[in-house]
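Trainee: Shown below is the structure under consideration.
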Amino acid sequence: MSRRRDWGAGEFGTSSTVAGATRESEGEISGWHVCENGVPMGSDNHVNEALFALSNGYIGIRGTFEEGYDGPKDAKGNVPSEQGIFINGFYEGHVIKYPEVGYGQAETDSVMLNVINSKIITMTVDGEPFSMWGKGSLTDYHRELNLQEGTLTRSLTWSSPAGKKVRLETTRVVPLKETRKHIFFQEYNVTPLSDDIKEITISSDMDGQVTNKPQSKDPRVGAGFSGQVLKMVERKCEDGDFSYIKSQTSFSELDMICAMSNKCNVDGVPTTPECKLVDAQKISHKFTIVNPSKDKPIKLTKIVSYATTQGLNGSGHSVDDLIPVAKTHLDAAIKSGVAHLKTEQIEFLADFYDSGDIVIEGDDLLQQGMRFNIFHLVQAVGRDGMTNIGAKGITGEGYCGHYFWDTEIYILPFFLYTKPEIARKLVSFRVSTLDKARERAKQLGGINKGALYPWRTIHGEECSSYFPAGTAQLHINADIAWAFKHYFEATNDTELLINGGAEMLFEMARFWLEYGSWSPGGHFQLHCVTGPDEYTALVNNNYYTNVMVQDALNYAVNTAELLKHEHAEEYKLLCEKIGLTNDELTAMQEAADKMFLPYDKFIGVHPQDDSFLQKKEWDFENTPHDKYPLLLHFHYLIIYKYKVIKQADLVLALLLQGQQFTDKEKKLNFDYYEPLTTHDSSLSTAVYSVMAAEIGYYQKAYNYFKCTARMDLDNIHHNSQNGIHTACMAGTWMCVVRGFAGYRIYKGVMHLNPYLPQEWNGYKFCLSYHGAVLEVRVNKRSVVYTCKKGARVNFVHANTQKVYLKEGKSKELYLKDKFEDLTSLNFDSVVIDIDAAIPKIQRAHYESWHEVLLGLNLGTEFTVCDYKKFLMNQIGTHRYAGLELYLNEQGVTIPFGKSHDAPGTQSLWALGNKKTEVMKRMMDEDPPSASSTMVKFVKDLKNEGIKVGLVSYSKSGEKMITHSGLKRYVDAYITGKDMGVLGLRGKPHMDMYHRVVEQLFTDPKRCVVIIDDPIGFDPEQIARFKYSISYPVTSFELQTVCDLDELEHEHLHMGISRVIKDPSAPLNSEIIDDWVLGSEPYDMRIARIKNECLRRTSSKIMQLRQ
């Protein structure tokens, strides 16, 4: 049996062999470093090339080794390495070949190219080439990405096959300072450790013979080319100071140059290289050191520069300028020296982290993930207004280097509220490509006015060949409008608004008037669109699209009013330029006012689109984990016809247009759509984390955050080798700032409503708004706000308190503790298994199974002892393991079947469904009621202000809870009927209990659980609650086969804090509070249970061996 992976429950797979925690096993995890302490092999190397990539928004260099990779192949027999160097925005185009050409489809694709490989450095020791994989021996290996200094370093000791030993230390830096963006440099230091070495050679090369990867079956990887498309047209090898290769594309007609300088000295004495042309497209600077002295370092410094003719609207360099431009940048770097370049890098990052860093106290792994993601974002983003930020940054060929909506919805907010000057460049890119967007709108046919931005692009033209999941995602226009709206709110950048921004807003709004239609009922509707969920395509009235377009239309009209009153002359000139009329503005307002935003009153949610609620739900329960992502295993037609969601769609609308929904609507929609979401896109978990935090599902929010923060470091989606996930990285910031800290902008005013995750000691971040910088420091009981920069900053705290701060001033406010009720007790909630509340429930379970098994004519009686054994055999296995084993002992084998098997069918599930029928009948004939002790106990809890929840694993649970007499007293409950709908797991997991805890708006560490019998539960999961109590079986017949003293001892090893032997004994909140107060500390309990589980596992293994 399988089911949808529950990311919100923390159930996500990780690769334990990539950079991050496992690489730092020799020491503590550092929030400023990502280390590799073992030579990477196979697929690990492929992934780490992306993780250790360096870039600066222009040049991107994968974290490959200078000498290349000659290690073992991966499990599929492929060489797990890509010698990738990329230039952001430098591409080759090709005509898209369709088997059947359709009007208006994208005609050409653009692919970011793997350009001239200039990082090659090789070494020989007495003629033997250096290799890290099997040729000679290697010790003391360490590689480190320093997030604070922006460097990639490597150190190792190598003994050649002949036993000659050297120490190698390398450093690579891609300067982030904008004026240095055309260069990178490498240091390659070799120290002889043997005194009998006769000769060391170091060759620093450039290779113009480069290709992209071939076409892949995975649409996320890239389009690929056949053979070399970036052709060398010229090369020149002069001396160590300046050699170059010039190359050219044929289709896009772009030119580039790569130039290098190499300087080598031995113990401070310069060495002259041998410059030569190698093979057909290679240049080599070879340094030969004869009789090197032991312990005297040989230091090579290599500086490389790139320049291209690429640029929007003719902004690139001319072909004739390439050589002087490359030489100018190279000479400037040589003159400055690498020590100065390193200092500039540190200073740039210090300034960036001053406003962009997030400090997490209490979790080193998540701190590392946070900083790693922030570092990669600033590396990846184009900061010239002519380039943007790719979905994979500049770290790999995934998605062909294309720019998506990821920029506006996920990435731009991070830069907007930390470094707004970078956000301006991203907005400017869209403004610069407005003419291309106008052309694209007309290409559809039937569109006479307006602009439609491309779904995926490099230079402004649509590159998506699959229009149902490309061009049909028309929400891209609304996404760009949303981003510009928030940019202008935060910066009041009137200059950009007047010089292109407003024109862009009006042209996008015009497109919607042309594309939309009016229904007979008088609603403005958008048909045949695809929303963010790419598992649902070409639908009518995707809710996300409609509500975002409504916002975009309103904003266009409001912008016109602003310009009309405050910049009348500029507005008049703009209207004349594009022919904008008052009638058009009136039409935009009417369309916004009458936008169709459906609501289903029967289930209380907004339909994702007109057809979504009518579809059959995807069979998550019987879809194995290895069939995800679905897009790689099922035809789109199969996926499209089911109720299944790839990524946050309507839930994203709840976040971006939160002011349009009530708290109740947000919760109902979240609860409905979350179980249907596979999170097959890396864009999904961040949105679910933020919304879970807003509606009070704090543990779920934290679990989604963990997945988001470690997405690439732990290779959770198993495709980080193709490049990192920039939108997900920005989502990490979103989780903390918009999720845990509750940051929102309502009507131009900042709102914050922070809380502290239970796992942390504190966190800190900064926000830039209206020219001011606000520092937010959250600790256990309070939040400290400080105005670091700007004349003043004003905002609203916790939805009620207005705060005004002048520069340098701070204010400390107490947090509203979202995990505690106002109670003097040591716990704030109790969740009770309904079986523990109803004395005869176990008897009913037994008798139901007895009747079902009697019908099989097994020839033997199903006794109470059989039932006890039946329960015991379910520990850590599926729900019918005990039944299966019992039948096997009777010589009967029945297939497992599926959950929907009808009673009477030959399967274990069918027998279980038959048992449910019998149980319901028994409940109707003799309605169960809670024990008087339990009723008094629940009333007492309510009087003390303690929240109470109920759990029933039975599909008849609703009926049991109603008959028990407890329903009127409880705050939340969940039954077996909800399990499939909500994607909850049964034993050994405690998903049902966690879900009720979330509904109570509390946390497991504040909750007491009362369980009928813990058999089958994971002891560690039980132990994670504040306190756990077991009511052993209460039926007399069952008690007679149980030794309660033995059971009590056993339960203590199962994570249970206490076993109540006498169900009639008094029970109240004060007694439990005394027990909780005297209980074992949380951390000690967890450690003890882990050790006990490990001991028992080891014991079982020994028994099996014997």
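Residues in the structure tokens are numbered from 1 in each chain, the chains being A, B, ... in the order shown, and ligands are numbered from 1 in the order shown.
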Excluding same-chain residues fewer than 6 positions from Ala653 in chain A, what lies within 10 Å of it counting only C-alpha atoms, as a ChimeraX atom specification?

Mentor: /A:532,543-548,608,660-661,666,687

Trainee: List every residue of range 480-562 of chain A that has an atom at most 10 Å from any atom of range 592-607 of chain A, giving for each one its closest atom pair and the distance in Å to one decimal, counting only C-alpha atoms, sorted by chain and then by ascending residue number, as a tab-separated table.

Mentor:
residue	atom	partner	partner_atom	distance
A:Gly516	CA	A:Met595	CA	9.8
A:Trp518	CA	A:Lys594	CA	9.2
A:Ser519	CA	A:Phe596	CA	9.1
A:Gly521	CA	A:Phe596	CA	9.9
A:Gly522	CA	A:Lys594	CA	7.3
A:His523	CA	A:Lys594	CA	5.2
A:Phe524	CA	A:Met595	CA	4.7
A:Gln525	CA	A:Phe596	CA	5.6
A:Leu526	CA	A:Phe596	CA	8.4
A:Asn541	CA	A:Phe596	CA	7.4
A:Asn542	CA	A:Pro607	CA	8.2
A:Tyr543	CA	A:Leu597	CA	6.4
A:Tyr544	CA	A:Leu597	CA	9.3
A:Thr545	CA	A:Leu597	CA	10.0
A:Asn546	CA	A:Met595	CA	6.8
A:Val547	CA	A:Leu597	CA	7.0
A:Met548	CA	A:Ala592	CA	9.9
A:Val549	CA	A:Ala592	CA	7.7
A:Gln550	CA	A:Ala592	CA	4.6
A:Asp551	CA	A:Ala592	CA	7.3
A:Ala552	CA	A:Ala592	CA	8.4
A:Leu553	CA	A:Ala592	CA	5.8
A:Asn554	CA	A:Ala592	CA	6.2
A:Tyr555	CA	A:Ala592	CA	9.7
A:Val557	CA	A:Ala592	CA	9.7

Trainee: Figure out the distance between CA of Val325 in chain A and CA of Ser110 in chain A, please, to one decimal in Å.

Mentor: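 Value for the CA of Ser110 in chain A-CA of Val325 in chain A distance: 25.5 Å.
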
Trainee: Would you list, as a JSON list (two decimals) with N, CA and C atoms, in the first residue's frame, the residues of range 872-1073 of chain A that end up in strand (DSSP E) under DSSP run on this structure's backbone?

Mentor:
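Just written: part11.json:
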[["chain", "number", "residue", "atom", "x", "y", "z"],
["A", 947, "LYS", "N", -7.85, 22.86, 26.07],
["A", 947, "LYS", "CA", -8.50, 22.43, 24.83],
["A", 947, "LYS", "C", -8.52, 20.91, 24.77],
["A", 948, "VAL", "N", -9.62, 20.38, 24.21],
["A", 948, "VAL", "CA", -9.80, 18.92, 24.17],
["A", 948, "VAL", "C", -10.08, 18.49, 22.74],
["A", 949, "GLY", "N", -9.40, 17.44, 22.31],
["A", 949, "GLY", "CA", -9.64, 16.87, 20.99],
["A", 949, "GLY", "C", -9.85, 15.37, 21.09],
["A", 950, "LEU", "N", -10.55, 14.81, 20.11],
["A", 950, "LEU", "CA", -10.80, 13.36, 20.08],
["A", 950, "LEU", "C", -10.26, 12.78, 18.77],
["A", 951, "VAL", "N", -9.81, 11.53, 18.85],
["A", 951, "VAL", "CA", -9.31, 10.79, 17.68],
["A", 951, "VAL", "C", -10.02, 9.45, 17.63],
["A", 972, "ALA", "N", -12.16, 19.87, 18.87],
["A", 972, "ALA", "CA", -11.85, 19.34, 17.55],
["A", 972, "ALA", "C", -11.83, 17.82, 17.62],
["A", 973, "TYR", "N", -12.13, 17.19, 16.50],
["A", 973, "TYR", "CA", -12.01, 15.73, 16.44],
["A", 973, "TYR", "C", -11.77, 15.30, 15.00],
["A", 974, "ILE", "N", -11.28, 14.09, 14.86],
["A", 974, "ILE", "CA", -11.01, 13.54, 13.53],
["A", 974, "ILE", "C", -11.27, 12.05, 13.57],
["A", 1007, "CYS", "N", 0.95, 19.29, 24.57],
["A", 1007, "CYS", "CA", -0.27, 18.45, 24.51],
["A", 1007, "CYS", "C", -0.07, 17.11, 25.21],
["A", 1008, "VAL", "N", -1.08, 16.71, 26.00],
["A", 1008, "VAL", "CA", -1.14, 15.38, 26.62],
["A", 1008, "VAL", "C", -2.02, 14.49, 25.75],
["A", 1009, "VAL", "N", -1.55, 13.28, 25.45],
["A", 1009, "VAL", "CA", -2.36, 12.34, 24.68],
["A", 1009, "VAL", "C", -2.75, 11.16, 25.56],
["A", 1010, "ILE", "N", -3.99, 10.73, 25.39],
["A", 1010, "ILE", "CA", -4.50, 9.56, 26.12],
["A", 1010, "ILE", "C", -4.87, 8.51, 25.09],
["A", 1011, "ILE", "N", -4.18, 7.39, 25.14],
["A", 1011, "ILE", "CA", -4.30, 6.36, 24.12],
["A", 1011, "ILE", "C", -4.84, 5.09, 24.76],
["A", 1027, "TYR", "N", 3.12, 14.67, 27.28],
["A", 1027, "TYR", "CA", 2.91, 13.56, 28.21],
["A", 1027, "TYR", "C", 1.95, 12.59, 27.55],
["A", 1028, "SER", "N", 2.14, 11.30, 27.81],
["A", 1028, "SER", "CA", 1.27, 10.30, 27.19],
["A", 1028, "SER", "C", 0.78, 9.31, 28.23],
["A", 1029, "ILE", "N", -0.51, 9.00, 28.15],
["A", 1029, "ILE", "CA", -1.16, 8.11, 29.12],
["A", 1029, "ILE", "C", -1.82, 6.98, 28.36],
["A", 1030, "SER", "N", -1.66, 5.77, 28.86],
["A", 1030, "SER", "CA", -2.31, 4.61, 28.24],
["A", 1030, "SER", "C", -3.40, 4.08, 29.16],
["A", 1058, "ARG", "N", 2.76, 7.01, 31.32],
["A", 1058, "ARG", "CA", 2.07, 6.38, 32.44],
["A", 1058, "ARG", "C", 0.98, 5.45, 31.93],
["A", 1059, "VAL", "N", 0.81, 4.32, 32.62],
["A", 1059, "VAL", "CA", -0.29, 3.39, 32.34],
["A", 1059, "VAL", "C", -1.27, 3.45, 33.50]]

Trainee: If you run DSSP on this backbone, which residues of range 309-529 of chain A come out as helix (DSSP H, G or I), and could you give them as a PyMOL selection string?

Mentor: chain A and resi 312-314+319-336+338-356+364-380+398-401+406-416+420-432+434-443+467-469+475-491+494-515

Trainee: Residues within 8 Å of range 231-245 of chain A, please, as a list of chain:residue names. Count only C-alpha atoms; anything in the same chain fewer than 3 positions from it doesn't count.

Mentor: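 My list of contacting residues is A:Ile116, A:Met206, A:Gly208, A:Gln209, A:Gln228, A:Gln248, A:Thr249, A:Ile257, A:Cys258, A:Ala259, A:Met260, A:Ser261, A:Asn262, A:Lys263, A:Thr272, A:Pro273, A:Glu274, A:Cys275, A:Lys276, A:Leu277, A:Gln281, A:Ile283, A:His285, A:Lys327.
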